[in-house]
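A.B. asks: Structure file protein11.cif (mmCIF, C-alpha atoms) right here:
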data_upload
#
loop_
_atom_site.group_PDB
_atom_site.id
_atom_site.type_symbol
_atom_site.label_atom_id
_atom_site.label_comp_id
_atom_site.auth_asym_id
_atom_site.auth_seq_id
_atom_site.Cartn_x
_atom_site.Cartn_y
_atom_site.Cartn_z
ATOM 1 C CA MET M 160 118.872 20.097 -7.374
ATOM 2 C CA ASN M 161 115.792 22.264 -7.971
ATOM 3 C CA THR M 162 113.337 22.688 -5.124
ATOM 4 C CA PRO M 163 109.834 21.480 -6.098
ATOM 5 C CA THR M 164 107.405 24.337 -6.622
ATOM 6 C CA ALA M 165 104.856 24.496 -3.791
ATOM 7 C CA VAL M 166 101.204 24.526 -4.874
ATOM 8 C CA PRO M 167 99.001 26.822 -2.761
ATOM 9 C CA SER M 168 95.782 25.562 -1.222
ATOM 10 C CA HIS M 169 92.345 27.088 -1.801
ATOM 11 C CA THR M 170 92.647 28.794 1.587
ATOM 12 C CA GLU M 171 95.988 30.320 0.604
ATOM 13 C CA LEU M 172 94.534 31.482 -2.709
ATOM 14 C CA LEU M 173 91.636 33.109 -0.874
ATOM 15 C CA GLU M 174 94.023 34.835 1.536
ATOM 16 C CA THR M 175 96.149 36.057 -1.395
ATOM 17 C CA PHE M 176 93.064 37.338 -3.181
ATOM 18 C CA THR M 177 91.911 39.244 -0.086
ATOM 19 C CA HIS M 178 95.353 40.799 0.398
ATOM 20 C CA ILE M 179 95.643 41.948 -3.211
ATOM 21 C CA LYS M 180 92.027 43.082 -3.386
ATOM 22 C CA ASN M 181 92.672 45.378 -0.437
ATOM 23 C CA SER M 182 95.945 46.697 -1.873
ATOM 24 C CA THR M 183 96.053 49.882 -3.914
ATOM 25 C CA TYR M 184 98.518 51.399 -6.348
ATOM 26 C CA ARG M 185 98.053 54.899 -7.747
ATOM 27 C CA GLY M 186 94.600 54.834 -6.202
ATOM 28 C CA VAL M 187 93.594 51.643 -8.032
ATOM 29 C CA ALA M 188 92.403 48.730 -5.902
ATOM 30 C CA GLY M 189 93.531 45.185 -6.591
ATOM 31 C CA VAL M 190 97.093 46.115 -7.541
ATOM 32 C CA TYR M 191 100.181 45.346 -5.448
ATOM 33 C CA CYS M 192 103.491 47.002 -6.289
ATOM 34 C CA ILE M 193 106.920 45.578 -5.471
ATOM 35 C CA ASP M 194 109.428 48.326 -6.221
ATOM 36 C CA SER M 195 113.182 47.806 -6.039
ATOM 37 C CA GLY M 196 113.776 51.553 -6.090
ATOM 38 C CA ILE M 197 116.279 51.011 -8.912
ATOM 39 C CA PRO M 198 115.408 51.937 -12.516
ATOM 40 C CA GLY M 199 114.584 48.959 -14.697
ATOM 41 C CA PRO M 200 111.750 47.040 -16.314
ATOM 42 C CA ILE M 201 108.169 47.486 -15.162
ATOM 43 C CA LEU M 202 106.727 43.987 -15.345
ATOM 44 C CA GLY M 203 102.970 43.571 -15.032
ATOM 45 C CA ILE M 204 101.729 40.131 -13.963
ATOM 46 C CA THR M 205 97.972 39.983 -14.472
ATOM 47 C CA ALA M 206 95.811 37.324 -12.858
ATOM 48 C CA CYS M 207 92.150 36.362 -13.132
ATOM 49 C CA THR M 208 91.235 38.179 -16.310
ATOM 50 C CA HIS M 209 88.653 35.410 -16.108
ATOM 51 C CA GLY M 210 87.461 34.963 -12.541
ATOM 52 C CA ASN M 211 87.488 31.155 -12.607
ATOM 53 C CA GLU M 212 91.139 30.792 -13.658
ATOM 54 C CA PRO M 213 93.152 30.608 -10.415
ATOM 55 C CA SER M 214 96.666 29.939 -11.783
ATOM 56 C CA GLY M 215 97.437 33.646 -11.711
ATOM 57 C CA LEU M 216 96.498 33.798 -8.031
ATOM 58 C CA ALA M 217 98.913 30.920 -7.424
ATOM 59 C CA VAL M 218 101.633 32.997 -9.104
ATOM 60 C CA ILE M 219 100.897 36.039 -6.945
ATOM 61 C CA HIS M 220 100.951 33.875 -3.802
ATOM 62 C CA HIS M 221 104.340 32.449 -4.823
ATOM 63 C CA ILE M 222 105.804 35.860 -5.623
ATOM 64 C CA MET M 223 104.626 37.304 -2.325
ATOM 65 C CA GLU M 224 106.417 34.443 -0.569
ATOM 66 C CA ALA M 225 109.564 34.511 -2.730
ATOM 67 C CA VAL M 226 110.120 38.180 -3.468
ATOM 68 C CA GLY M 227 108.407 39.796 -0.508
ATOM 69 C CA LYS M 228 108.443 43.560 -0.432
ATOM 70 C CA GLY M 229 111.267 44.114 -2.867
ATOM 71 C CA SER M 230 114.353 42.984 -0.996
ATOM 72 C CA CYS M 231 114.932 40.237 -3.590
ATOM 73 C CA LEU M 232 114.133 42.437 -6.588
ATOM 74 C CA HIS M 233 117.393 43.653 -8.150
ATOM 75 C CA MET M 234 115.894 46.395 -10.295
ATOM 76 C CA GLY M 235 112.684 47.648 -11.751
ATOM 77 C CA LYS M 236 109.152 47.336 -10.540
ATOM 78 C CA LEU M 237 106.736 44.412 -10.343
ATOM 79 C CA LEU M 238 103.009 45.115 -10.563
ATOM 80 C CA LEU M 239 100.732 42.264 -9.457
ATOM 81 C CA VAL M 240 97.258 42.924 -10.813
ATOM 82 C CA LEU M 241 93.887 41.275 -10.211
ATOM 83 C CA ASN M 242 92.195 42.126 -13.468
ATOM 84 C CA ASN M 243 88.673 40.983 -12.608
ATOM 85 C CA ILE M 244 88.082 41.350 -8.878
ATOM 86 C CA GLU M 245 84.312 40.811 -8.888
ATOM 87 C CA ALA M 246 84.371 37.621 -10.953
ATOM 88 C CA THR M 247 87.268 36.192 -8.917
ATOM 89 C CA GLU M 248 85.451 36.790 -5.653
ATOM 90 C CA LYS M 249 82.397 35.068 -7.115
ATOM 91 C CA TYR M 250 84.563 32.083 -8.110
ATOM 92 C CA LEU M 251 86.318 31.752 -4.764
ATOM 93 C CA ASN M 252 82.963 31.732 -2.965
ATOM 94 C CA ALA M 253 81.263 29.345 -5.406
ATOM 95 C CA GLN M 254 79.473 26.347 -3.912
ATOM 96 C CA SER M 255 79.266 24.193 -7.044
ATOM 97 C CA GLU M 256 81.009 23.541 -10.363
ATOM 98 C CA THR M 257 78.178 25.377 -12.122
ATOM 99 C CA GLU M 258 78.759 28.463 -9.982
ATOM 100 C CA GLU M 259 82.486 28.242 -10.679
ATOM 101 C CA ARG M 260 81.873 28.059 -14.439
ATOM 102 C CA LEU M 261 79.524 31.043 -14.312
ATOM 103 C CA ALA M 262 82.163 33.094 -12.476
ATOM 104 C CA ARG M 263 84.173 33.483 -15.693
ATOM 105 C CA PHE M 264 82.966 37.097 -15.898
ATOM 106 C CA ILE M 265 80.204 39.347 -14.581
ATOM 107 C CA ASP M 266 78.865 41.317 -17.570
ATOM 108 C CA VAL M 267 81.278 40.893 -20.465
ATOM 109 C CA ASN M 268 84.208 38.573 -21.121
ATOM 110 C CA MET M 269 87.289 40.598 -20.176
ATOM 111 C CA ASN M 270 89.178 38.865 -22.977
ATOM 112 C CA ARG M 271 86.539 39.953 -25.525
ATOM 113 C CA LEU M 272 86.470 43.676 -24.784
ATOM 114 C CA PRO M 273 85.214 46.261 -27.269
ATOM 115 C CA GLU M 274 88.067 47.891 -29.158
ATOM 116 C CA ASN M 275 87.069 51.241 -27.650
ATOM 117 C CA ALA M 276 86.616 49.819 -24.143
ATOM 118 C CA LEU M 277 88.955 52.333 -22.514
ATOM 119 C CA THR M 278 87.144 55.338 -23.931
ATOM 120 C CA LEU M 279 83.496 54.291 -23.530
ATOM 121 C CA ASP M 280 81.424 56.811 -21.589
ATOM 122 C CA ASN M 281 78.621 55.907 -19.180
ATOM 123 C CA ASP M 282 79.161 52.155 -19.635
ATOM 124 C CA THR M 283 78.257 50.476 -16.350
ATOM 125 C CA ARG M 284 79.320 46.919 -17.256
ATOM 126 C CA SER M 285 81.672 45.578 -14.604
ATOM 127 C CA GLU M 286 84.550 44.570 -16.874
ATOM 128 C CA ILE M 287 84.410 47.815 -18.860
ATOM 129 C CA ARG M 288 84.523 49.861 -15.654
ATOM 130 C CA ARG M 289 87.434 47.742 -14.404
ATOM 131 C CA ALA M 290 89.395 48.052 -17.660
ATOM 132 C CA LYS M 291 89.038 51.838 -17.575
ATOM 133 C CA GLU M 292 90.091 51.856 -13.920
ATOM 134 C CA LEU M 293 93.177 49.753 -14.729
ATOM 135 C CA ARG M 294 94.167 51.768 -17.780
ATOM 136 C CA PRO M 295 96.907 53.877 -16.081
ATOM 137 C CA VAL M 296 98.343 50.728 -14.469
ATOM 138 C CA TRP M 297 98.323 48.708 -17.681
ATOM 139 C CA GLU M 298 99.964 51.594 -19.527
ATOM 140 C CA GLU M 299 102.907 51.574 -17.118
ATOM 141 C CA PHE M 300 103.915 48.088 -18.212
ATOM 142 C CA THR M 301 107.107 47.837 -20.231
ATOM 143 C CA HIS M 302 106.640 44.062 -20.098
ATOM 144 C CA GLY M 303 103.505 42.069 -19.415
ATOM 145 C CA LEU M 304 102.354 38.511 -18.731
ATOM 146 C CA ASP M 305 98.656 37.619 -18.592
ATOM 147 C CA ILE M 306 97.979 34.235 -16.981
ATOM 148 C CA HIS M 307 95.072 32.018 -18.049
ATOM 149 C CA SER M 308 93.957 28.408 -17.843
ATOM 150 C CA THR M 309 91.516 26.207 -19.760
ATOM 151 C CA LEU M 310 88.289 24.394 -18.895
ATOM 152 C CA THR M 311 89.477 21.082 -20.330
ATOM 153 C CA GLU M 312 92.863 19.405 -20.431
ATOM 154 C CA MET M 313 95.119 20.599 -23.223
ATOM 155 C CA PRO M 314 98.776 21.529 -23.564
ATOM 156 C CA ALA M 315 100.079 24.693 -21.970
ATOM 157 C CA MET M 316 100.246 27.463 -24.568
ATOM 158 C CA ILE M 317 101.991 30.752 -25.223
ATOM 159 C CA ILE M 318 99.574 33.291 -26.707
ATOM 160 C CA SER M 319 101.283 35.855 -28.888
ATOM 161 C CA ARG M 320 100.056 39.409 -29.216
ATOM 162 C CA SER M 321 99.747 40.778 -32.744
ATOM 163 C CA ASP M 322 102.990 42.756 -32.355
ATOM 164 C CA GLY M 323 104.986 39.533 -32.091
ATOM 165 C CA LEU M 324 106.594 37.165 -29.620
ATOM 166 C CA PRO M 325 109.032 38.604 -27.043
ATOM 167 C CA ASP M 326 111.595 35.851 -27.593
ATOM 168 C CA ARG M 327 114.025 37.105 -24.956
ATOM 169 C CA LEU M 328 111.365 36.669 -22.280
ATOM 170 C CA LEU M 329 110.485 33.151 -23.406
ATOM 171 C CA GLN M 330 113.925 31.563 -23.040
ATOM 172 C CA GLY M 331 113.632 28.632 -20.657
ATOM 173 C CA ILE M 332 109.912 28.766 -19.897
ATOM 174 C CA PRO M 333 108.290 25.298 -19.771
ATOM 175 C CA ILE M 334 105.940 25.775 -22.756
ATOM 176 C CA GLU M 335 106.576 24.941 -26.408
ATOM 177 C CA THR M 336 103.117 25.332 -27.993
ATOM 178 C CA VAL M 337 102.479 28.790 -29.448
ATOM 179 C CA LEU M 338 99.276 30.354 -30.795
ATOM 180 C CA LEU M 339 99.777 33.173 -33.296
ATOM 181 C CA ASN M 340 97.292 35.708 -34.704
ATOM 182 C CA ILE M 341 94.443 34.847 -32.325
ATOM 183 C CA GLU M 342 94.049 38.520 -31.358
ATOM 184 C CA ASN M 343 93.146 39.331 -34.984
ATOM 185 C CA VAL M 344 90.572 36.539 -35.257
ATOM 186 C CA GLN M 345 88.745 36.476 -31.936
ATOM 187 C CA ILE M 346 85.679 38.511 -31.057
ATOM 188 C CA GLY M 347 86.691 41.784 -29.415
ATOM 189 C CA LYS M 348 90.082 42.525 -27.899
ATOM 190 C CA PRO M 349 91.884 40.576 -25.167
ATOM 191 C CA ALA M 350 92.827 42.500 -22.047
ATOM 192 C CA PHE M 351 96.535 42.234 -22.858
ATOM 193 C CA ALA M 352 95.968 44.140 -26.114
ATOM 194 C CA PHE M 353 95.774 47.276 -23.943
ATOM 195 C CA TYR M 354 99.021 46.694 -22.010
ATOM 196 C CA GLY M 355 101.767 49.266 -22.422
ATOM 197 C CA ALA M 356 101.804 52.970 -23.195
ATOM 198 C CA PRO M 357 100.217 53.864 -26.553
ATOM 199 C CA GLY M 358 102.849 53.779 -29.263
ATOM 200 C CA ALA M 359 105.512 52.272 -26.998
ATOM 201 C CA VAL M 360 107.273 48.973 -27.669
ATOM 202 C CA THR M 361 106.032 46.615 -24.966
ATOM 203 C CA ASP M 362 107.008 42.942 -24.592
ATOM 204 C CA VAL M 363 103.718 41.231 -23.800
ATOM 205 C CA PHE M 364 102.384 37.702 -24.008
ATOM 206 C CA ALA M 365 99.821 35.476 -22.336
ATOM 207 C CA ILE M 366 99.856 31.848 -21.328
ATOM 208 C CA GLU M 367 97.282 29.131 -20.952
ATOM 209 C CA ALA M 368 98.894 27.171 -18.127
ATOM 210 C CA GLY M 369 96.686 24.054 -18.330
ATOM 211 C CA SER M 370 93.276 23.191 -16.916
ATOM 212 C CA HIS M 371 91.840 25.456 -14.235
ATOM 213 C CA LYS M 372 92.457 23.636 -10.942
ATOM 214 C CA GLU M 373 95.201 21.180 -11.847
ATOM 215 C CA PRO M 374 98.299 21.555 -9.619
ATOM 216 C CA SER M 375 100.454 21.178 -12.740
ATOM 217 C CA SER M 376 98.825 24.337 -14.145
ATOM 218 C CA PHE M 377 99.799 26.272 -11.017
ATOM 219 C CA VAL M 378 103.367 24.977 -11.309
ATOM 220 C CA CYS M 379 103.578 25.881 -15.017
ATOM 221 C CA ALA M 380 102.321 29.411 -14.343
ATOM 222 C CA ILE M 381 104.698 29.919 -11.417
ATOM 223 C CA GLU M 382 107.752 28.568 -13.251
ATOM 224 C CA THR M 383 106.944 30.665 -16.325
ATOM 225 C CA THR M 384 106.671 33.834 -14.262
ATOM 226 C CA MET M 385 109.842 33.268 -12.275
ATOM 227 C CA THR M 386 111.726 32.501 -15.490
ATOM 228 C CA VAL M 387 110.537 35.779 -17.023
ATOM 229 C CA LEU M 388 111.775 37.606 -13.918
ATOM 230 C CA GLN M 389 115.158 35.914 -14.329
ATOM 231 C CA ASN M 390 115.276 36.721 -18.043
ATOM 232 C CA LEU M 391 114.765 40.377 -17.158
ATOM 233 C CA ALA M 392 117.516 40.142 -14.500
ATOM 234 C CA MET M 393 115.022 41.282 -11.885
ATOM 235 C CA ILE M 394 115.764 38.325 -9.564
ATOM 236 C CA ASP M 395 118.630 35.894 -9.011
ATOM 237 C CA GLY M 396 119.104 33.018 -11.394
ATOM 238 C CA THR M 397 119.778 32.473 -15.070
ATOM 239 C CA THR M 398 117.929 30.367 -17.588
ATOM 240 C CA GLN M 399 119.583 27.849 -19.834
ATOM 241 C CA LYS M 400 120.028 29.307 -23.323
ATOM 242 C CA SER M 401 119.516 26.079 -25.238
ATOM 243 C CA VAL M 402 118.001 25.495 -28.667
ATOM 244 C CA ARG M 403 114.214 25.579 -28.484
ATOM 245 C CA ILE M 404 111.757 24.157 -30.993
ATOM 246 C CA TYR M 405 108.328 25.746 -30.835
ATOM 247 C CA LYS M 406 105.193 24.278 -32.368
ATOM 248 C CA GLU M 407 103.422 27.282 -33.830
ATOM 249 C CA TYR M 408 99.728 27.308 -34.687
ATOM 250 C CA PHE M 409 98.648 30.272 -36.806
ATOM 251 C CA ILE M 410 94.990 30.996 -36.066
ATOM 252 C CA GLN M 411 93.296 31.585 -39.422
ATOM 253 C CA GLY M 412 89.640 31.501 -38.399
ATOM 254 C CA SER M 413 87.049 30.464 -35.862
ATOM 255 C CA ILE M 414 83.614 28.891 -35.645
ATOM 256 C CA LEU M 415 80.634 30.510 -33.945
ATOM 257 C CA PHE M 416 77.626 28.287 -33.348
ATOM 258 C CA PRO M 417 74.380 29.895 -34.566
ATOM 259 C CA ASP M 418 72.228 28.510 -31.748
ATOM 260 C CA MET M 419 72.346 26.369 -28.621
ATOM 261 C CA SER M 420 71.365 23.214 -30.505
ATOM 262 C CA PHE M 421 74.915 22.866 -31.850
ATOM 263 C CA ARG M 422 77.596 20.751 -30.224
ATOM 264 C CA ILE M 423 81.229 20.019 -30.977
ATOM 265 C CA PRO M 424 82.183 16.459 -31.975
ATOM 266 C CA SER M 425 82.943 13.941 -29.247
ATOM 267 C CA PRO M 426 86.627 13.490 -28.280
ATOM 268 C CA GLY M 427 86.626 10.176 -30.155
ATOM 269 C CA GLU M 428 85.811 12.008 -33.397
ATOM 270 C CA VAL M 429 87.898 15.196 -33.201
ATOM 271 C CA ARG M 430 90.374 16.342 -30.562
ATOM 272 C CA ASP M 431 91.938 19.708 -29.811
ATOM 273 C CA PHE M 432 95.124 20.237 -31.850
ATOM 274 C CA GLU M 433 94.414 17.199 -34.070
ATOM 275 C CA LEU M 434 94.922 17.929 -37.779
ATOM 276 C CA VAL M 435 91.672 17.276 -39.642
ATOM 277 C CA PRO M 436 91.028 17.626 -43.390
ATOM 278 C CA LYS M 437 88.802 20.192 -45.030
ATOM 279 C CA GLY M 438 85.167 19.085 -44.824
ATOM 280 C CA THR M 439 85.461 17.399 -41.408
ATOM 281 C CA VAL M 440 82.323 17.871 -39.300
ATOM 282 C CA LEU M 441 83.102 20.318 -36.491
ATOM 283 C CA GLY M 442 79.585 21.072 -35.300
ATOM 284 C CA THR M 443 76.285 19.186 -35.350
ATOM 285 C CA SER M 444 72.790 20.335 -34.459
ATOM 286 C CA SER M 445 70.134 18.419 -32.557
ATOM 287 C CA ASP M 446 67.495 20.484 -34.418
ATOM 288 C CA GLY M 447 68.358 19.215 -37.879
ATOM 289 C CA HIS M 448 70.428 22.157 -39.107
ATOM 290 C CA ASP M 449 73.213 21.449 -41.587
ATOM 291 C CA PRO M 450 76.481 20.468 -39.907
ATOM 292 C CA ILE M 451 79.380 22.931 -39.736
ATOM 293 C CA LEU M 452 82.396 21.742 -41.721
ATOM 294 C CA ALA M 453 86.081 22.591 -41.549
ATOM 295 C CA PRO M 454 86.707 25.226 -44.261
ATOM 296 C CA PHE M 455 90.324 24.107 -44.767
ATOM 297 C CA ASP M 456 92.805 21.555 -43.425
ATOM 298 C CA THR M 457 92.966 22.661 -39.820
ATOM 299 C CA HIS M 458 93.749 22.042 -36.184
ATOM 300 C CA PRO M 459 90.643 22.856 -34.077
ATOM 301 C CA ILE M 460 91.820 24.552 -30.892
ATOM 302 C CA MET M 461 90.016 25.385 -27.630
ATOM 303 C CA MET M 462 86.846 23.545 -28.620
ATOM 304 C CA SER M 463 83.992 24.418 -26.279
ATOM 305 C CA ASN M 464 80.262 23.675 -26.233
ATOM 306 C CA PRO M 465 77.876 26.590 -25.721
ATOM 307 C CA VAL M 466 76.591 24.757 -22.653
ATOM 308 C CA ASN M 467 80.052 25.096 -21.103
ATOM 309 C CA THR M 468 80.569 28.758 -21.962
ATOM 310 C CA GLY M 469 76.949 29.697 -21.327
ATOM 311 C CA SER M 470 77.120 32.003 -24.331
ATOM 312 C CA LEU M 471 76.881 32.010 -28.110
ATOM 313 C CA LEU M 472 78.963 35.191 -28.077
ATOM 314 C CA GLU M 473 82.208 33.232 -27.737
ATOM 315 C CA GLU M 474 83.955 31.104 -30.310
ATOM 316 C CA ALA M 475 83.070 27.413 -30.296
ATOM 317 C CA MET M 476 86.639 26.816 -31.451
ATOM 318 C CA PHE M 477 89.548 28.448 -33.228
ATOM 319 C CA LEU M 478 90.945 27.074 -36.484
ATOM 320 C CA SER M 479 94.692 26.922 -37.089
ATOM 321 C CA LEU M 480 96.619 26.425 -40.278
ATOM 322 C CA PRO M 481 98.711 23.229 -40.229
ATOM 323 C CA VAL M 482 101.300 23.456 -37.468
ATOM 324 C CA THR M 483 104.818 24.626 -38.234
ATOM 325 C CA GLU M 484 108.010 24.421 -36.184
ATOM 326 C CA ARG M 485 110.334 27.295 -35.358
ATOM 327 C CA THR M 486 113.790 26.917 -33.854
ATOM 328 C CA THR M 487 115.317 29.630 -31.671
#
Please go through the file and, once you have read it, give me the structure as structure tokens.

C.D. replies:
Amino acid sequence: MNTPTAVPSHTELLETFTHIKNSTYRGVAGVYCIDSGIPGPILGITACTHGNEPSGLAVIHHIMEAVGKGSCLHMGKLLLVLNNIEATEKYLNAQSETEERLARFIDVNMNRLPENALTLDNDTRSEIRRAKELRPVWEEFTHGLDIHSTLTEMPAMIISRSDGLPDRLLQGIPIETVLLNIENVQIGKPAFAFYGAPGAVTDVFAIEAGSHKEPSSFVCAIETTMTVLQNLAMIDGTTQKSVRIYKEYFIQGSILFPDMSFRIPSPGEVRDFELVPKGTVLGTSSDGHDPILAPFDTHPIMMSNPVNTGSLLEEAMFLSLPVTERTT
């Protein structure tokens, strides 16, 4: 019988954050290394690319409890990375939901980085400085998992990088919804686009574990991470190699609202992942502007009002081609 996964408290998350923040690896703060001393995979687990997404902290807390200082690691090296230290600290010290929402990033969304972020000179923006600082750590990864969560309730998702899904890492993880091609559609580059040495084959993916503070999101993120460690034979345990059917959503486009007068439809009109026909209203304006219509038969995904993101520089939603199924 499986032992239920323990969900850390806010206090435990804060203690984990403080410990990792004060840890250094290769002179880089906010990185904790668990090294088996035996050659093998170098797995990077990255948390809090967005400061207000605590599931990754829950994973780091669990790993610190379960794996300790390497005695349970059979081979390879595990790098636990706080991607956005400043935004995470702001989130953990927030006194209201508004402050939590505004702790998503400091200067620039770390999942919407400029393509040349790692080579920009004299750029003082917090997330650019942090990405450049993390570059040698990210480039060590032979495998990588970036952990996210969502503002509203929606299914847990696997986010594929443009170089494809690392199927051997996915066996047995508790997620069956997959987003493809989002890296090529979104504004800027996601942090995980920079993982791995240039030109090297690196198995990388991200997950959206569920909504930000839901215990089930913490459990999903923890179980996914531990399964990846098992799939890499870095810890004890094997995953069941059963037939899996994935629901794959190929992201073909996105919608950007032109001003703050626009809003997404109410949940009673259009829901995330619901298939809607071409011409469906996906954005309306309180200032009398023409509505925004679906350009093709599509599943709107990750719908978000500007009031929730606080920015018109992020997508109001992504648009998927009709869902397909893939069996592995």

A.B. asks: For Gly355 (chain M), work out the shell of residues within 10 Å, counting all atoms listed in the file and skipping chain neighbours fewer than 6 positions away, then give it as a VMD selection string.

C.D. replies: chain M and resid 201 203 294 to 303 361 to 363

A.B. asks: Please indicate the distance in Å from CA of Leu202 (chain M) to CA of Ala392 (chain M), rounded to one decimal place.

C.D. replies: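 Going from CA of Leu202 (chain M) over to CA of Ala392 (chain M) covers 11.5 Å.
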
A.B. asks: Apply the PyMOL selection byres ((chain M and resi 342-346) around 10) to the displayed file and report the matching residues as a count of residues only.

C.D. replies: 31

A.B. asks: Counting all atoms listed in the file, figure out which residue out of M:Thr283, M:Thr177, M:Ser375, M:Thr487 gets nearest to Tyr405 (chain M).

C.D. replies: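 Selected residue with least distance to Tyr405 (chain M): M:Thr487.
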
A.B. asks: Have a look at M:Ile193, M:Ala350, M:Ile204, M:Ile423 and name the one nearest to Pro450 (chain M); count all atoms listed in the file.

C.D. replies: M:Ile423

A.B. asks: Using all atoms listed in the file, find all polymer residues with an atom at most 7 Å away from the point (97.8, 28.8, -25.1); report them as a list in words.

C.D. replies: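 Nearby residues: Ala315, Met316, Ile317, Ile318, Thr336, Val337, Leu338, Ile366 and Glu367 of chain M.
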
A.B. asks: List the residues matched by the PyMOL selection byres ((chain M and resi 199) around 10) in the displayed structure as number ranges by chain, ordered by chain and then by residue number.

C.D. replies: M: 194-198, 200-202, 233-236, 301, 391-393

A.B. asks: Could you turn the residues from that selection into a file that holds C-alpha atoms, as a CSV table (one decimal), in the coordinates of the input?

C.D. replies:
chain,number,residue,atom,x,y,z
M,194,ASP,CA,109.4,48.3,-6.2
M,195,SER,CA,113.2,47.8,-6.0
M,196,GLY,CA,113.8,51.6,-6.1
M,197,ILE,CA,116.3,51.0,-8.9
M,198,PRO,CA,115.4,51.9,-12.5
M,200,PRO,CA,111.8,47.0,-16.3
M,201,ILE,CA,108.2,47.5,-15.2
M,202,LEU,CA,106.7,44.0,-15.3
M,233,HIS,CA,117.4,43.7,-8.2
M,234,MET,CA,115.9,46.4,-10.3
M,235,GLY,CA,112.7,47.6,-11.8
M,236,LYS,CA,109.2,47.3,-10.5
M,301,THR,CA,107.1,47.8,-20.2
M,391,LEU,CA,114.8,40.4,-17.2
M,392,ALA,CA,117.5,40.1,-14.5
M,393,MET,CA,115.0,41.3,-11.9

A.B. asks: Please report the interatomic distance between CA of Ser308 (chain M) and CA of Ala368 (chain M) in Å with one decimal.

C.D. replies: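 The value is 5.1 Å.
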
A.B. asks: Once the PyMOL selection byres ((chain M and resi 429-445) around 10) has been applied to the shown file, what residues remain in the selection, as number ranges by chain?

C.D. replies: M: 311-314, 408, 414-428, 446-464, 475-482

A.B. asks: Produce a file of the selected residues containing C-alpha atoms, as an mmCIF file, keeping the file's coordinate frame.

C.D. replies:
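Result file again-v1.cif:
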data_model
loop_
_atom_site.group_PDB
_atom_site.id
_atom_site.type_symbol
_atom_site.label_atom_id
_atom_site.label_comp_id
_atom_site.auth_asym_id
_atom_site.auth_seq_id
_atom_site.Cartn_x
_atom_site.Cartn_y
_atom_site.Cartn_z
ATOM 1 C CA THR M 311 89.477 21.082 -20.330
ATOM 2 C CA GLU M 312 92.863 19.405 -20.431
ATOM 3 C CA MET M 313 95.119 20.599 -23.223
ATOM 4 C CA PRO M 314 98.776 21.529 -23.564
ATOM 5 C CA TYR M 408 99.728 27.308 -34.687
ATOM 6 C CA ILE M 414 83.614 28.891 -35.645
ATOM 7 C CA LEU M 415 80.634 30.510 -33.945
ATOM 8 C CA PHE M 416 77.626 28.287 -33.348
ATOM 9 C CA PRO M 417 74.380 29.895 -34.566
ATOM 10 C CA ASP M 418 72.228 28.510 -31.748
ATOM 11 C CA MET M 419 72.346 26.369 -28.621
ATOM 12 C CA SER M 420 71.365 23.214 -30.505
ATOM 13 C CA PHE M 421 74.915 22.866 -31.850
ATOM 14 C CA ARG M 422 77.596 20.751 -30.224
ATOM 15 C CA ILE M 423 81.229 20.019 -30.977
ATOM 16 C CA PRO M 424 82.183 16.459 -31.975
ATOM 17 C CA SER M 425 82.943 13.941 -29.247
ATOM 18 C CA PRO M 426 86.627 13.490 -28.280
ATOM 19 C CA GLY M 427 86.626 10.176 -30.155
ATOM 20 C CA GLU M 428 85.811 12.008 -33.397
ATOM 21 C CA ASP M 446 67.495 20.484 -34.418
ATOM 22 C CA GLY M 447 68.358 19.215 -37.879
ATOM 23 C CA HIS M 448 70.428 22.157 -39.107
ATOM 24 C CA ASP M 449 73.213 21.449 -41.587
ATOM 25 C CA PRO M 450 76.481 20.468 -39.907
ATOM 26 C CA ILE M 451 79.380 22.931 -39.736
ATOM 27 C CA LEU M 452 82.396 21.742 -41.721
ATOM 28 C CA ALA M 453 86.081 22.591 -41.549
ATOM 29 C CA PRO M 454 86.707 25.226 -44.261
ATOM 30 C CA PHE M 455 90.324 24.107 -44.767
ATOM 31 C CA ASP M 456 92.805 21.555 -43.425
ATOM 32 C CA THR M 457 92.966 22.661 -39.820
ATOM 33 C CA HIS M 458 93.749 22.042 -36.184
ATOM 34 C CA PRO M 459 90.643 22.856 -34.077
ATOM 35 C CA ILE M 460 91.820 24.552 -30.892
ATOM 36 C CA MET M 461 90.016 25.385 -27.630
ATOM 37 C CA MET M 462 86.846 23.545 -28.620
ATOM 38 C CA SER M 463 83.992 24.418 -26.279
ATOM 39 C CA ASN M 464 80.262 23.675 -26.233
ATOM 40 C CA ALA M 475 83.070 27.413 -30.296
ATOM 41 C CA MET M 476 86.639 26.816 -31.451
ATOM 42 C CA PHE M 477 89.548 28.448 -33.228
ATOM 43 C CA LEU M 478 90.945 27.074 -36.484
ATOM 44 C CA SER M 479 94.692 26.922 -37.089
ATOM 45 C CA LEU M 480 96.619 26.425 -40.278
ATOM 46 C CA PRO M 481 98.711 23.229 -40.229
ATOM 47 C CA VAL M 482 101.300 23.456 -37.468
#

A.B. asks: Env of Lys291 (chain M): 9 Å cut, atoms = all atoms listed in the file, seq-sep filter 6 positions within chain, self excluded. Answer as a list in words.

C.D. replies: Ala276, Leu277, Thr278 and Leu279 of chain M

A.B. asks: Given only C-alpha atoms, how would the per-residue table for region 284-373 of chain M near region 217-227 of chain M read, listing every residue at most 12 Å away with its closest atom pair and distance in Å to one decimal, sorted by chain and number, as JSON lines?

C.D. replies:
{"residue": "M:Leu304", "atom": "CA", "partner": "M:Val218", "partner_atom": "CA", "distance": 11.1}
{"residue": "M:Asp305", "atom": "CA", "partner": "M:Val218", "partner_atom": "CA", "distance": 11.0}
{"residue": "M:Ile306", "atom": "CA", "partner": "M:Val218", "partner_atom": "CA", "distance": 8.8}
{"residue": "M:His307", "atom": "CA", "partner": "M:Val218", "partner_atom": "CA", "distance": 11.1}
{"residue": "M:Ser308", "atom": "CA", "partner": "M:Ala217", "partner_atom": "CA", "distance": 11.8}
{"residue": "M:Ala368", "atom": "CA", "partner": "M:Val218", "partner_atom": "CA", "distance": 11.1}
{"residue": "M:His371", "atom": "CA", "partner": "M:Ala217", "partner_atom": "CA", "distance": 11.2}
{"residue": "M:Lys372", "atom": "CA", "partner": "M:Ala217", "partner_atom": "CA", "distance": 10.3}
{"residue": "M:Glu373", "atom": "CA", "partner": "M:Ala217", "partner_atom": "CA", "distance": 11.3}
